Every structure is written in C-alpha cells, then in structure tokens.
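input.csv (CSV, C-alpha atoms and all ligand atoms) appears below.
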```csv
chain,number,residue,atom,x,y,z
A,128,MET,CA,-8.7,-6.9,2.7
A,129,ARG,CA,-10.0,-10.1,4.2
A,130,PRO,CA,-11.2,-11.8,1.1
A,131,THR,CA,-8.0,-10.9,-0.7
A,132,THR,CA,-5.9,-12.4,2.0
A,133,SER,CA,-7.8,-15.7,2.2
A,134,LEU,CA,-7.8,-15.8,-1.6
A,135,SER,CA,-4.0,-15.4,-1.8
A,136,LEU,CA,-3.6,-17.8,1.1
A,137,SER,CA,-5.6,-20.5,-0.8
A,138,LEU,CA,-3.6,-19.7,-3.9
A,139,LEU,CA,-0.4,-20.0,-2.0
A,140,SER,CA,-1.4,-23.4,-0.5
A,141,THR,CA,-2.4,-24.6,-3.9
A,142,LEU,CA,1.0,-23.6,-5.3
A,143,LEU,CA,2.6,-25.3,-2.3
A,144,LEU,CA,0.6,-28.5,-2.7
A,145,LEU,CA,0.9,-28.8,-6.4
A,146,PRO,CA,4.6,-29.9,-6.6
A,147,ILE,CA,4.0,-32.3,-3.8
A,148,SER,CA,1.2,-34.1,-5.6
A,149,THR,CA,3.1,-34.2,-8.9
A,150,LEU,CA,6.3,-35.4,-7.3
A,151,ALA,CA,4.7,-38.1,-5.3
A,152,ALA,CA,6.1,-41.0,-7.2
A,153,PHE,CA,9.4,-42.5,-5.9
A,154,THR,CA,12.2,-41.1,-8.0
A,155,GLY,CA,15.1,-42.3,-5.9
A,156,GLU,CA,15.0,-39.7,-3.2
A,157,ALA,CA,13.0,-40.0,0.0
A,158,GLU,CA,12.8,-38.6,3.5
A,159,ALA,CA,11.5,-40.5,6.5
A,160,ASP,CA,11.7,-39.5,10.1
A,161,GLY,CA,14.1,-36.6,9.2
A,162,VAL,CA,16.6,-38.9,7.5
A,163,LYS,CA,17.2,-38.2,3.8
A,164,PHE,CA,17.9,-41.2,1.4
A,165,ASP,CA,19.3,-40.8,-2.1
A,166,PHE,CA,19.1,-43.9,-4.3
A,167,THR,CA,19.6,-42.1,-7.5
A,168,GLN,CA,23.0,-43.9,-8.0
A,169,LEU,CA,21.1,-47.2,-8.3
A,170,LYS,CA,19.8,-48.5,-11.6
A,171,THR,CA,17.1,-50.8,-12.8
A,172,HIS,CA,17.9,-54.2,-11.2
A,173,SER,CA,16.4,-57.7,-11.5
A,174,VAL,CA,16.5,-60.9,-9.6
A,175,VAL,CA,15.3,-64.3,-11.0
A,176,VAL,CA,13.8,-67.0,-8.8
A,177,GLU,CA,13.0,-70.5,-9.9
A,178,HIS,CA,10.0,-72.5,-8.5
A,179,LYS,CA,9.9,-76.3,-9.3
A,180,GLN,CA,6.5,-77.2,-10.7
A,181,ASP,CA,7.1,-80.7,-12.0
A,182,PRO,CA,7.4,-81.4,-14.8
A,183,SER,CA,8.3,-77.7,-15.5
A,184,VAL,CA,10.0,-74.9,-13.8
A,185,LEU,CA,8.4,-71.5,-13.2
A,186,LYS,CA,11.0,-68.7,-13.5
A,187,SER,CA,9.9,-65.4,-12.0
A,188,THR,CA,11.8,-62.2,-12.8
A,189,TYR,CA,11.4,-59.4,-10.3
A,190,THR,CA,12.5,-56.0,-11.7
A,191,ILE,CA,12.6,-52.7,-10.0
A,192,ASN,CA,13.6,-49.2,-11.1
A,193,PRO,CA,14.2,-47.0,-8.1
A,194,ALA,CA,14.4,-43.8,-10.1
A,195,GLY,CA,11.1,-44.0,-12.0
A,196,LYS,CA,9.3,-46.3,-14.4
A,197,ILE,CA,10.8,-49.4,-15.9
A,198,GLU,CA,11.9,-48.8,-19.5
A,199,LEU,CA,9.6,-50.7,-21.9
A,200,ASN,CA,11.1,-53.5,-23.9
A,201,LYS,CA,10.6,-52.8,-27.6
A,202,ASP,CA,11.2,-56.4,-28.6
A,203,ASP,CA,8.7,-58.1,-26.3
A,204,LYS,CA,5.7,-55.8,-26.2
A,205,GLU,CA,3.3,-58.5,-25.0
A,206,ASP,CA,5.1,-59.8,-22.0
A,207,GLN,CA,5.8,-56.8,-19.9
A,208,CYS,CA,4.3,-54.6,-17.2
A,209,PRO,CA,2.2,-51.6,-18.2
A,210,ASP,CA,4.0,-48.4,-19.0
A,211,GLY,CA,4.8,-46.5,-15.8
A,212,THR,CA,5.4,-49.6,-13.6
A,213,GLN,CA,8.2,-49.3,-10.9
A,214,VAL,CA,8.2,-52.9,-9.7
A,215,CYS,CA,7.4,-55.7,-12.1
A,216,MET,CA,7.0,-59.5,-11.7
A,217,ILE,CA,7.0,-61.7,-14.8
A,218,SER,CA,6.7,-65.4,-14.5
A,219,ARG,CA,7.4,-67.9,-17.4
A,220,LEU,CA,7.2,-71.6,-17.5
A,221,TRP,CA,10.2,-73.6,-18.7
A,222,HIS,CA,10.1,-77.1,-19.9
A,223,GLY,CA,13.6,-78.4,-19.7
A,224,GLU,CA,15.7,-75.9,-21.6
A,225,LYS,CA,12.7,-74.5,-23.5
A,226,PRO,CA,10.7,-71.5,-22.2
A,227,ASP,CA,7.1,-70.9,-23.0
A,228,GLU,CA,6.5,-68.4,-25.8
A,229,HIS,CA,4.5,-66.2,-23.4
A,230,ALA,CA,4.5,-65.3,-19.8
A,231,ALA,CA,2.3,-67.1,-17.4
A,232,GLN,CA,1.9,-64.2,-15.0
A,233,ILE,CA,2.6,-60.5,-15.2
A,234,ILE,CA,2.0,-58.4,-12.1
A,235,SER,CA,2.8,-54.7,-11.6
A,236,PHE,CA,3.3,-52.7,-8.4
A,237,GLY,CA,3.6,-49.0,-8.3
A,238,ASN,CA,2.9,-46.9,-11.3
A,239,VAL,CA,4.4,-43.4,-11.7
A,240,GLU,CA,1.7,-42.5,-14.2
A,241,SER,CA,-1.3,-43.7,-12.3
A,242,PRO,CA,-2.6,-41.2,-9.7
A,243,LYS,CA,-3.9,-44.2,-7.6
A,244,ASP,CA,-0.7,-46.2,-7.6
A,245,SER,CA,2.0,-43.6,-7.8
A,246,GLU,CA,2.3,-42.8,-4.1
A,247,PRO,CA,4.5,-45.2,-2.2
A,248,GLU,CA,4.8,-45.3,1.6
A,249,TYR,CA,8.1,-44.8,3.4
A,250,THR,CA,9.0,-46.2,6.8
A,251,ILE,CA,12.4,-46.0,8.3
A,252,MET,CA,13.8,-49.1,9.9
A,253,ARG,CA,15.9,-48.8,13.1
A,254,ASP,CA,17.3,-51.2,15.6
A,255,GLU,CA,16.8,-50.9,19.4
A,256,GLU,CA,19.6,-48.3,19.6
A,257,LYS,CA,17.8,-46.2,17.0
A,258,LYS,CA,20.6,-46.9,14.5
A,259,VAL,CA,19.2,-46.7,10.9
A,260,LEU,CA,18.9,-50.1,9.3
A,261,GLY,CA,17.4,-48.9,6.1
A,262,LEU,CA,14.2,-47.7,4.4
A,263,ASN,CA,11.0,-49.7,3.8
A,264,ILE,CA,9.1,-48.6,0.8
A,265,THR,CA,5.6,-50.0,-0.1
A,266,PHE,CA,4.5,-49.7,-3.7
A,267,HIS,CA,0.8,-50.1,-4.3
A,268,GLY,CA,-0.5,-51.9,-7.3
A,269,PRO,CA,-3.8,-52.7,-9.0
A,270,GLU,CA,-6.0,-55.7,-8.2
A,271,TYR,CA,-5.0,-59.0,-9.8
A,272,GLY,CA,-6.6,-62.3,-10.7
A,273,ASP,CA,-10.0,-63.8,-10.1
A,274,LYS,CA,-10.0,-63.0,-6.5
A,275,LYS,CA,-9.1,-59.3,-7.3
A,276,LEU,CA,-6.3,-59.3,-4.8
A,277,LYS,CA,-4.9,-55.9,-4.2
A,278,GLN,CA,-1.1,-56.0,-4.9
A,279,ASN,CA,1.6,-54.5,-2.8
A,280,ALA,CA,5.4,-54.6,-3.1
A,281,ILE,CA,7.5,-54.0,0.0
A,282,VAL,CA,11.1,-53.1,-0.9
A,283,LYS,CA,13.4,-53.1,2.0
A,284,PHE,CA,16.5,-51.0,1.2
A,285,LEU,CA,18.9,-52.4,3.8
A,286,CYS,CA,22.0,-50.5,4.9
A,287,ASP,CA,25.2,-52.4,3.9
A,288,GLN,CA,28.3,-50.2,3.7
A,289,GLU,CA,30.1,-53.0,1.7
A,290,MET,CA,27.6,-53.0,-1.2
A,291,THR,CA,26.8,-50.3,-3.8
A,292,GLY,CA,23.6,-52.1,-4.6
A,293,LEU,CA,24.5,-52.7,-8.3
A,294,GLU,CA,26.0,-56.1,-7.7
A,295,GLU,CA,24.6,-59.0,-9.7
A,296,PRO,CA,25.6,-62.5,-10.5
A,297,ASP,CA,27.8,-63.2,-13.6
A,298,LYS,CA,26.7,-65.3,-16.6
A,299,ASP,CA,27.3,-68.5,-14.7
A,300,GLY,CA,25.2,-67.4,-11.8
A,301,LYS,CA,28.2,-66.8,-9.5
A,302,GLY,CA,28.3,-63.8,-7.1
A,303,THR,CA,25.7,-62.4,-4.9
A,304,ASN,CA,22.9,-60.3,-6.1
A,305,ALA,CA,22.3,-57.1,-4.1
A,306,LEU,CA,18.6,-57.6,-4.7
A,307,LYS,CA,16.9,-60.6,-3.1
A,308,PHE,CA,13.5,-62.0,-3.3
A,309,VAL,CA,12.0,-62.7,0.2
A,310,ASP,CA,8.5,-63.9,-0.5
A,311,TYR,CA,5.2,-63.3,-2.3
A,312,GLU,CA,2.7,-63.8,0.5
A,313,GLY,CA,-0.9,-64.6,-0.1
A,314,ASP,CA,-0.5,-63.9,-3.8
A,315,GLN,CA,-0.6,-60.3,-3.0
A,316,THR,CA,2.3,-59.0,-0.9
A,317,LEU,CA,5.7,-59.2,-2.6
A,318,THR,CA,8.7,-58.5,-0.4
A,319,LEU,CA,12.2,-57.7,-1.8
A,320,GLU,CA,15.4,-56.8,-0.1
A,321,TRP,CA,18.0,-54.6,-1.6
A,322,ARG,CA,21.4,-54.3,0.2
A,323,THR,CA,23.1,-51.0,-0.5
A,324,LYS,CA,25.2,-48.4,1.2
A,325,TYR,CA,22.7,-45.8,0.0
A,326,ALA,CA,20.3,-47.1,2.6
A,327,CYS,CA,22.7,-46.1,5.4
A,328,GLU,CA,22.3,-42.9,7.2
A,329,LYS,CA,25.6,-41.7,5.9
A,330,PRO,CA,26.9,-43.8,2.9
A,331,LEU,CA,30.7,-44.3,3.0
A,332,GLY,CA,32.6,-42.1,0.6
A,333,GLU,CA,29.7,-39.7,0.0
A,334,ALA,CA,29.8,-36.0,0.2
A,335,PRO,CA,28.0,-34.5,3.2
A,336,ALA,CA,24.3,-34.0,2.9
A,337,PRO,CA,23.4,-31.3,0.4
A,338,SER,CA,21.7,-29.3,3.2
A,339,GLN,CA,25.2,-28.5,4.5
A,340,GLY,CA,26.8,-28.2,1.1
A,341,SER,CA,24.3,-25.6,-0.2
A,342,TRP,CA,26.0,-22.9,1.9
A,343,GLY,CA,28.7,-22.9,-0.6
A,344,PHE,CA,31.6,-20.5,-1.2
A,345,PHE,CA,29.4,-18.0,-3.1
A,346,THR,CA,26.8,-17.7,-0.3
A,347,TRP,CA,29.5,-17.0,2.2
A,348,PHE,CA,31.2,-14.6,-0.1
A,349,ILE,CA,27.9,-12.5,-0.5
A,350,VAL,CA,27.3,-12.6,3.3
A,351,ILE,CA,30.8,-11.4,4.1
A,352,VAL,CA,30.7,-8.6,1.5
A,353,PHE,CA,27.3,-7.6,2.9
A,354,LEU,CA,28.7,-7.6,6.5
A,355,VAL,CA,31.8,-5.6,5.5
A,356,VAL,CA,29.7,-3.0,3.7
A,357,ALA,CA,27.3,-2.7,6.6
A,358,ALA,CA,30.1,-2.4,9.1
A,359,TYR,CA,31.8,0.2,6.9
A,360,LEU,CA,28.6,2.3,6.6
A,361,ILE,CA,27.8,2.1,10.3
A,362,PHE,CA,31.3,2.9,11.5
A,363,GLY,CA,31.6,5.7,8.9
A,364,SER,CA,28.3,7.2,9.9
A,365,TRP,CA,29.3,7.0,13.6
A,366,LEU,CA,32.6,8.7,12.8
A,367,ASN,CA,30.9,11.5,10.7
A,368,TYR,CA,28.4,12.0,13.5
A,369,ASN,CA,30.9,12.3,16.3
A,370,LYS,CA,33.8,13.9,14.5
A,371,TYR,CA,32.2,16.2,12.0
A,372,ASP,CA,28.8,16.7,13.6
A,373,ALA,CA,27.2,15.5,10.4
A,374,ARG,CA,23.4,14.9,10.1
A,375,GLY,CA,21.1,13.3,7.5
A,376,TRP,CA,22.6,12.2,4.2
A,377,ASP,CA,26.0,13.7,5.3
A,378,LEU,CA,26.3,10.9,7.9
A,379,LEU,CA,27.0,8.3,5.2
A,380,PRO,CA,30.7,8.0,4.4
A,381,HIS,CA,31.5,9.4,0.9
A,382,SER,CA,28.1,11.0,0.9
A,383,ASP,CA,29.2,13.2,-2.0
A,384,THR,CA,30.2,10.2,-4.2
A,385,LEU,CA,27.0,8.4,-3.2
A,386,ARG,CA,24.8,11.4,-4.1
A,387,ASP,CA,26.6,11.6,-7.5
A,388,LEU,CA,26.3,7.9,-8.1
A,389,PRO,CA,23.1,8.0,-10.3
A,390,TYR,CA,24.7,10.6,-12.5
A,391,LEU,CA,27.9,8.7,-12.7
A,392,ILE,CA,26.0,5.6,-13.8
A,393,LYS,CA,24.0,7.5,-16.3
A,394,ASP,CA,27.1,9.0,-17.7
A,395,PHE,CA,28.8,5.6,-17.9
A,396,LEU,CA,25.8,4.1,-19.7
A,397,ARG,CA,25.7,6.9,-22.2
A,398,ARG,CA,29.4,6.5,-23.0
A,399,ALA,CA,28.9,2.8,-23.3
A,400,VAL,CA,26.0,3.2,-25.7
A,401,ASN,CA,27.8,5.8,-27.7
A,402,THR,CA,30.9,3.6,-28.1
A,403,PHE,CA,28.7,0.7,-29.1
A,404,GLN,CA,26.8,2.7,-31.7
A,405,GLY,CA,29.9,4.4,-32.9
A,406,SER,CA,31.8,1.2,-33.7
A,407,GLY,CA,29.0,-1.1,-34.8
A,408,GLY,CA,26.7,1.4,-36.4
A,409,ARG,CA,27.7,4.2,-38.7
A,410,GLY,CA,31.4,3.9,-37.9
A,411,GLY,CA,31.8,7.6,-37.3
A,412,TYR,CA,31.2,10.1,-34.6
A,413,SER,CA,27.8,10.6,-33.1
A,414,ALA,CA,26.4,13.8,-31.7
A,415,ILE,CA,25.7,13.8,-28.0
B,501,LIG,C1,7.3,-52.1,5.9
B,501,LIG,O1,6.0,-51.4,5.7
B,501,LIG,C2,4.9,-52.2,5.7
B,501,LIG,C3,3.7,-51.3,5.5
B,501,LIG,O2,3.9,-50.3,4.6
B,501,LIG,C4,4.7,-53.0,7.0
B,501,LIG,O3,3.6,-53.8,6.9
B,501,LIG,C5,6.0,-53.7,7.3
B,501,LIG,O4,5.9,-54.3,8.6
B,501,LIG,C6,7.2,-52.8,7.3
B,501,LIG,N1,8.4,-53.6,7.5
B,501,LIG,C7,9.4,-53.2,8.3
B,501,LIG,C8,10.5,-54.2,8.4
B,501,LIG,O5,9.4,-52.2,8.8
```
For the structure just supplied, provide its representation as structure tokens.
Amino acid sequence: MRPTTSLSLSLLSTLLLLPISTLAAFTGEAEADGVKFDFTQLKTHSVVVEHKQDPSVLKSTYTINPAGKIELNKDDKEDQCPDGTQVCMISRLWHGEKPDEHAAQIISFGNVESPKDSEPEYTIMRDEEKKVLGLNITFHGPEYGDKKLKQNAIVKFLCDQEMTGLEEPDKDGKGTNALKFVDYEGDQTLTLEWRTKYACEKPLGEAPAPSQGSWGFFTWFIVIVFLVVAAYLIFGSWLNYNKYDARGWDLLPHSDTLRDLPYLIKDFLRRAVNTFQGSGGRGGYSAI
C-alpha cells in the first residue's frame, strides 16, 4: 500500500502545484495577507512624462496592463516592448514639435510569457492602525543596457474611494491621471502609483466578496432540502420504531414505496422509451 499512497500523494501535489505555477502571472487578481484584490475592472493605462534634455525633450510613456500582457501595436512593430510584457516604458526624443522616427529607449518589466519574469511579488501596504492603504506589486524584468542592470517595476495600487482608476487627462492635458510616474531610480527601479478604489479593502459600490456570495440561493436550497429529508427519515423511523415496533427496512417511512422505487423507475423509463420510439420511429404500436 505504501508506494501507492506516496505515488498518489506526489501525483496530488503535482496536480495542486500545476495551476499555481501556470497562473503565476498577475491577471488582475491578487491576495496578500488574507486580503483579496480585484483589479479586473481596470484597463491598459498610460502616463507620459517629459524630461527636458536641451535642445530636445525626452518623452517617456509608461504603459501597464493589470490584466495580462500589453496588446501589441500592429502599426509600430519596431518601437514596442516584447510580446507578453505587462509594464512597458518607451522613450522618444522630440525636437520642437517633431518626434524622432524611432524610440530612444524601450524597457520591459514583467512578462506573462517568460517563466523567469512572469511572477510578480505582492506586498500589502497598511498604516499604523493596520488600515489597508493598497497593494504593492513588483514586476521583474530582464537586464538592460551596457551595465546589464536588472529591471524592476514597483506599481503601488493606492486605495482611493473617489477614483475608479480609469481617469486620464483629456486632449488638452486637463484632468488628473489615475496613474502617476514616481521615479526611475538608478536606471533600474521604476515606481508607478495608481490610485483606484479597487485597491481598497472594500471598494465602494461593490458586491460583497465572492467568498460570501458563493453560498448562493441554490446551495441553501439543496442544504434545506437535504435537512428536511433527513429530519423526515429520522422522525419517521423513530415513529415506526416506537409505534409499530418496526425493525430493519420497515423502519423507514413509506418503506413499501421505497422498496418498489427501482421497479417504478424501470417501469417509467420503459414507458418513456416506448412512447419515444412509438412516435418518432415506426409511428405505430410496439410490442412490449
Ligand atoms: C514594495 O515592494 C518592494 C519590494 O518588492 C519594496 O522594496 C518596497 O519598499 C515596497 N514599498 C512599499 C511602500 O511597501
């Protein structure tokens, strides 16, 4: 027995581990310190930052998709992050009103299709009173540049009940962007802040956590039916035992009907089959 048990145990653990390793990439849902976060309502979002580099301006676009990889741009195949990237930084030099034809810098962080860079780290952020401030996610990226600096992007999802997280400035640059660039330290650690109600422990106007909702009406219905049937059987048996001195199968209420049940079902099925064959098949009577 022993080898079989350990074999099935290892099989079981393999089965249990498998989904974890394949679902490691951040797809909008995360759990940290027992708190569940759901960012699946958020969409790919960008923020543009300008750095003066006289006589030109370096415009960097930081793009993040919280639910998976950034969709590839079919019109600009050269100037984009590799397929699978979750956080992408593209910098382009502008001379007056004229941008360079190609990007000066393309750096990717987190890749849902790379086993090495697909696994982000989650840290919950709390204040001194343990109130949830948000979720800190670190995306790992490949090495970049001459110095082969290992790239990391820290995205701080900050709780803000007033913001959905989809806010962006209009064409004239008016309005606040829910996504903010904080810094790009040492040419290797990018920090972004994303204000959204989905980073709160309980987002306003959201249904209660699914763990509570999963005990839906149907589950309760089944449980109640089961309890009623059980109570009926127990009470009936007790009654038969005391009142009629019944034993064995006779204890069960309606024991006669129960005993006949298999025959009743068989009979019902035979009738059903006959009816079906009779109407669909030859259209006449069939011998039983
Ligand atoms: C976020 O996580 C990184 C490491 O993954 C850590 O260095 C940083 O201090 C964290 N920031 C906050 C605000 O918790």
Requested in this report: Grab me every residue within 8 Å of ligand LIG 501 (chain B), counting all atoms listed in the file, and send it over as a VMD selection string.
Outcome: chain A and resid 248 to 252 262 to 265 281 to 283
Report task. Determine the nearest neighbour of Ala280 of chain A from the options A:Val214, A:Leu366, A:Leu379, A:Leu169, counting all atoms listed in the file. Result ->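 Closest candidate: A:Val214.
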**Report entry** Coordinates-based distance that separates atom CA of Ala152 of chain A from atom CA of Lys243 of chain A (Å, one decimal)
**Finding:** 10.5 Å
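Atom to atom, atom CA of Asp297 of chain A and atom CA of Phe166 of chain A stand 23.1 Å apart.
With only C-alpha atoms taken into account, the protein and nucleic acid residues at most 10 Å from Ser241 of chain A (excluding it and anything under 3 positions from it in its own chain) are A:Ala152, A:Asp210, A:Gly211, A:Thr212, A:Gly237, A:Asn238, A:Asp244, A:Ser245, A:Glu246, A:Gly268, A:Pro269.
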Query raised in the report: In terms of the shortest atom-to-atom distance over only C-alpha atoms, which of A:Gln168, A:Ile197, A:Gly223, A:Tyr368 is closest to Asp181 of chain A?
Result: A:Gly223
Requested in this report: Measure the distance from atom CA of Thr167 of chain A to atom CA of Leu319 of chain A in Å and round it to one decimal.
Outcome: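 Taking atom CA of Thr167 of chain A as the start and atom CA of Leu319 of chain A as the end point, the length is 18.2 Å.
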Query raised in the report: For His172 of chain A, which residue out of A:Lys307, A:Lys301, A:His267, A:Lys277 is the nearest one, using only C-alpha atoms?
Result: A:Lys307
Non-local contacts of Asp165 of chain A (12 Å; all atoms listed in the file; under 4 positions in same chain excluded) as a PDB file with C-alpha atoms, keeping the file's coordinate frame:
```
ATOM      1  CA  PHE A 153       9.400 -42.500  -5.900  1.00  0.00           C
ATOM      2  CA  THR A 154      12.200 -41.100  -8.000  1.00  0.00           C
ATOM      3  CA  GLY A 155      15.100 -42.300  -5.900  1.00  0.00           C
ATOM      4  CA  GLU A 156      15.000 -39.700  -3.200  1.00  0.00           C
ATOM      5  CA  ALA A 157      13.000 -40.000   0.000  1.00  0.00           C
ATOM      6  CA  GLU A 158      12.800 -38.600   3.500  1.00  0.00           C
ATOM      7  CA  ALA A 159      11.500 -40.500   6.500  1.00  0.00           C
ATOM      8  CA  LEU A 169      21.100 -47.200  -8.300  1.00  0.00           C
ATOM      9  CA  PRO A 193      14.200 -47.000  -8.100  1.00  0.00           C
ATOM     10  CA  ALA A 194      14.400 -43.800 -10.100  1.00  0.00           C
ATOM     11  CA  GLY A 261      17.400 -48.900   6.100  1.00  0.00           C
ATOM     12  CA  LEU A 262      14.200 -47.700   4.400  1.00  0.00           C
ATOM     13  CA  PHE A 284      16.500 -51.000   1.200  1.00  0.00           C
ATOM     14  CA  THR A 323      23.100 -51.000  -0.500  1.00  0.00           C
ATOM     15  CA  LYS A 324      25.200 -48.400   1.200  1.00  0.00           C
ATOM     16  CA  TYR A 325      22.700 -45.800   0.000  1.00  0.00           C
ATOM     17  CA  ALA A 326      20.300 -47.100   2.600  1.00  0.00           C
ATOM     18  CA  CYS A 327      22.700 -46.100   5.400  1.00  0.00           C
ATOM     19  CA  GLU A 328      22.300 -42.900   7.200  1.00  0.00           C
ATOM     20  CA  LYS A 329      25.600 -41.700   5.900  1.00  0.00           C
ATOM     21  CA  PRO A 330      26.900 -43.800   2.900  1.00  0.00           C
ATOM     22  CA  GLU A 333      29.700 -39.700   0.000  1.00  0.00           C
ATOM     23  CA  ALA A 334      29.800 -36.000   0.200  1.00  0.00           C
ATOM     24  CA  PRO A 335      28.000 -34.500   3.200  1.00  0.00           C
ATOM     25  CA  ALA A 336      24.300 -34.000   2.900  1.00  0.00           C
ATOM     26  CA  PRO A 337      23.400 -31.300   0.400  1.00  0.00           C
TER      27      PRO A 337
END
```
Report task. Using all atoms listed in the file, pick whichever of A:Ile234, A:Val350, A:Val162, A:Ala373 has the shortest atom-to-atom distance to Leu317 of chain A. Result -> A:Ile234
Requested in this report: Mind listing whatever residues come within 9 Å of the point (14.6, -67.6, -9.8)? Use only C-alpha atoms, file coordinates, and give them as a PyMOL selection string.
Outcome: chain A and resi 174-178+185-189+308
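Every protein or nucleic acid residue with an atom no more than 10 Å from Tyr359 of chain A, counting all atoms listed in the file and leaving out same-chain residues fewer than 6 positions away, appears here: Phe353, Trp365, Leu379 and Pro380 of chain A.
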Could the residues in this selection be written to a file with C-alpha atoms, as a PDB file, in the frame of the given file?
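Wrote it out as result_23.pdb, contents follow:
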```pdb
ATOM      1  CA  PHE A 353      27.300  -7.600   2.900  1.00  0.00           C
ATOM      2  CA  TRP A 365      29.300   7.000  13.600  1.00  0.00           C
ATOM      3  CA  LEU A 379      27.000   8.300   5.200  1.00  0.00           C
ATOM      4  CA  PRO A 380      30.700   8.000   4.400  1.00  0.00           C
TER       5      PRO A 380
END
```
Requested in this report: Would you mind telling me which residue in A:Asp387, A:Glu294, A:Glu240, A:Glu224 lies nearest to Trp321 of chain A when using all atoms listed in the file?
Outcome: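 Between A:Asp387, A:Glu294, A:Glu240, A:Glu224, the residue approaching Trp321 of chain A most closely is A:Glu294.
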Repaired coordinates for segment 296-321 of chain A (N, CA and C atoms) as a PDB file, in the frame of the given file:
```pdb
ATOM      1  N   PRO A 296      24.846 -61.364 -10.116  1.00  0.00           N
ATOM      2  CA  PRO A 296      25.600 -62.500 -10.500  1.00  0.00           C
ATOM      3  C   PRO A 296      26.132 -62.461 -11.901  1.00  0.00           C
ATOM      4  N   ASP A 297      27.250 -63.152 -12.185  1.00  0.00           N
ATOM      5  CA  ASP A 297      27.800 -63.200 -13.600  1.00  0.00           C
ATOM      6  C   ASP A 297      26.965 -64.174 -14.406  1.00  0.00           C
ATOM      7  N   LYS A 298      27.448 -64.397 -15.628  1.00  0.00           N
ATOM      8  CA  LYS A 298      26.700 -65.300 -16.600  1.00  0.00           C
ATOM      9  C   LYS A 298      26.478 -66.677 -16.005  1.00  0.00           C
ATOM     10  N   ASP A 299      27.459 -67.158 -15.216  1.00  0.00           N
ATOM     11  CA  ASP A 299      27.300 -68.500 -14.700  1.00  0.00           C
ATOM     12  C   ASP A 299      26.573 -68.541 -13.348  1.00  0.00           C
ATOM     13  N   GLY A 300      26.013 -67.407 -12.997  1.00  0.00           N
ATOM     14  CA  GLY A 300      25.200 -67.400 -11.800  1.00  0.00           C
ATOM     15  C   GLY A 300      26.067 -67.237 -10.516  1.00  0.00           C
ATOM     16  N   LYS A 301      27.377 -66.900 -10.684  1.00  0.00           N
ATOM     17  CA  LYS A 301      28.200 -66.800  -9.500  1.00  0.00           C
ATOM     18  C   LYS A 301      28.229 -65.324  -9.008  1.00  0.00           C
ATOM     19  N   GLY A 302      28.356 -65.170  -7.701  1.00  0.00           N
ATOM     20  CA  GLY A 302      28.300 -63.800  -7.100  1.00  0.00           C
ATOM     21  C   GLY A 302      26.977 -63.538  -6.530  1.00  0.00           C
ATOM     22  N   THR A 303      26.973 -62.653  -5.545  1.00  0.00           N
ATOM     23  CA  THR A 303      25.700 -62.400  -4.900  1.00  0.00           C
ATOM     24  C   THR A 303      24.982 -61.215  -5.606  1.00  0.00           C
ATOM     25  N   ASN A 304      23.696 -61.326  -5.601  1.00  0.00           N
ATOM     26  CA  ASN A 304      22.900 -60.300  -6.100  1.00  0.00           C
ATOM     27  C   ASN A 304      22.500 -59.332  -4.973  1.00  0.00           C
ATOM     28  N   ALA A 305      22.677 -58.041  -5.190  1.00  0.00           N
ATOM     29  CA  ALA A 305      22.300 -57.100  -4.100  1.00  0.00           C
ATOM     30  C   ALA A 305      20.829 -57.110  -3.848  1.00  0.00           C
ATOM     31  N   LEU A 306      20.079 -57.522  -4.866  1.00  0.00           N
ATOM     32  CA  LEU A 306      18.600 -57.600  -4.700  1.00  0.00           C
ATOM     33  C   LEU A 306      18.188 -59.018  -4.465  1.00  0.00           C
ATOM     34  N   LYS A 307      17.356 -59.206  -3.449  1.00  0.00           N
ATOM     35  CA  LYS A 307      16.900 -60.600  -3.100  1.00  0.00           C
ATOM     36  C   LYS A 307      15.386 -60.635  -3.014  1.00  0.00           C
ATOM     37  N   PHE A 308      14.873 -61.768  -3.452  1.00  0.00           N
ATOM     38  CA  PHE A 308      13.500 -62.000  -3.300  1.00  0.00           C
ATOM     39  C   PHE A 308      13.229 -62.647  -1.929  1.00  0.00           C
ATOM     40  N   VAL A 309      12.276 -62.133  -1.169  1.00  0.00           N
ATOM     41  CA  VAL A 309      12.000 -62.700   0.200  1.00  0.00           C
ATOM     42  C   VAL A 309      10.764 -63.596   0.085  1.00  0.00           C
ATOM     43  N   ASP A 310       9.622 -63.030  -0.250  1.00  0.00           N
ATOM     44  CA  ASP A 310       8.500 -63.900  -0.500  1.00  0.00           C
ATOM     45  C   ASP A 310       7.352 -63.113  -1.231  1.00  0.00           C
ATOM     46  N   TYR A 311       6.343 -63.892  -1.608  1.00  0.00           N
ATOM     47  CA  TYR A 311       5.200 -63.300  -2.300  1.00  0.00           C
ATOM     48  C   TYR A 311       3.988 -63.897  -1.520  1.00  0.00           C
ATOM     49  N   GLU A 312       3.643 -63.202  -0.460  1.00  0.00           N
ATOM     50  CA  GLU A 312       2.700 -63.800   0.500  1.00  0.00           C
ATOM     51  C   GLU A 312       1.270 -63.602   0.067  1.00  0.00           C
ATOM     52  N   GLY A 313       0.523 -64.665   0.183  1.00  0.00           N
ATOM     53  CA  GLY A 313      -0.900 -64.600  -0.100  1.00  0.00           C
ATOM     54  C   GLY A 313      -1.254 -64.168  -1.490  1.00  0.00           C
ATOM     55  N   ASP A 314      -0.328 -64.394  -2.414  1.00  0.00           N
ATOM     56  CA  ASP A 314      -0.500 -63.900  -3.800  1.00  0.00           C
ATOM     57  C   ASP A 314      -0.830 -62.455  -3.883  1.00  0.00           C
ATOM     58  N   GLN A 315      -0.375 -61.692  -2.898  1.00  0.00           N
ATOM     59  CA  GLN A 315      -0.600 -60.300  -3.000  1.00  0.00           C
ATOM     60  C   GLN A 315       0.422 -59.355  -2.381  1.00  0.00           C
ATOM     61  N   THR A 316       1.299 -59.875  -1.530  1.00  0.00           N
ATOM     62  CA  THR A 316       2.300 -59.000  -0.900  1.00  0.00           C
ATOM     63  C   THR A 316       3.709 -59.516  -1.289  1.00  0.00           C
ATOM     64  N   LEU A 317       4.343 -58.804  -2.204  1.00  0.00           N
ATOM     65  CA  LEU A 317       5.700 -59.200  -2.600  1.00  0.00           C
ATOM     66  C   LEU A 317       6.682 -58.441  -1.700  1.00  0.00           C
ATOM     67  N   THR A 318       7.689 -59.172  -1.219  1.00  0.00           N
ATOM     68  CA  THR A 318       8.700 -58.500  -0.400  1.00  0.00           C
ATOM     69  C   THR A 318      10.099 -58.755  -1.061  1.00  0.00           C
ATOM     70  N   LEU A 319      10.808 -57.668  -1.293  1.00  0.00           N
ATOM     71  CA  LEU A 319      12.200 -57.700  -1.800  1.00  0.00           C
ATOM     72  C   LEU A 319      13.113 -57.050  -0.872  1.00  0.00           C
ATOM     73  N   GLU A 320      14.366 -57.494  -0.866  1.00  0.00           N
ATOM     74  CA  GLU A 320      15.400 -56.800  -0.100  1.00  0.00           C
ATOM     75  C   GLU A 320      16.504 -56.351  -0.976  1.00  0.00           C
ATOM     76  N   TRP A 321      16.951 -55.152  -0.757  1.00  0.00           N
ATOM     77  CA  TRP A 321      18.000 -54.600  -1.600  1.00  0.00           C
ATOM     78  C   TRP A 321      19.092 -54.044  -0.697  1.00  0.00           C
TER      79      TRP A 321
END
```
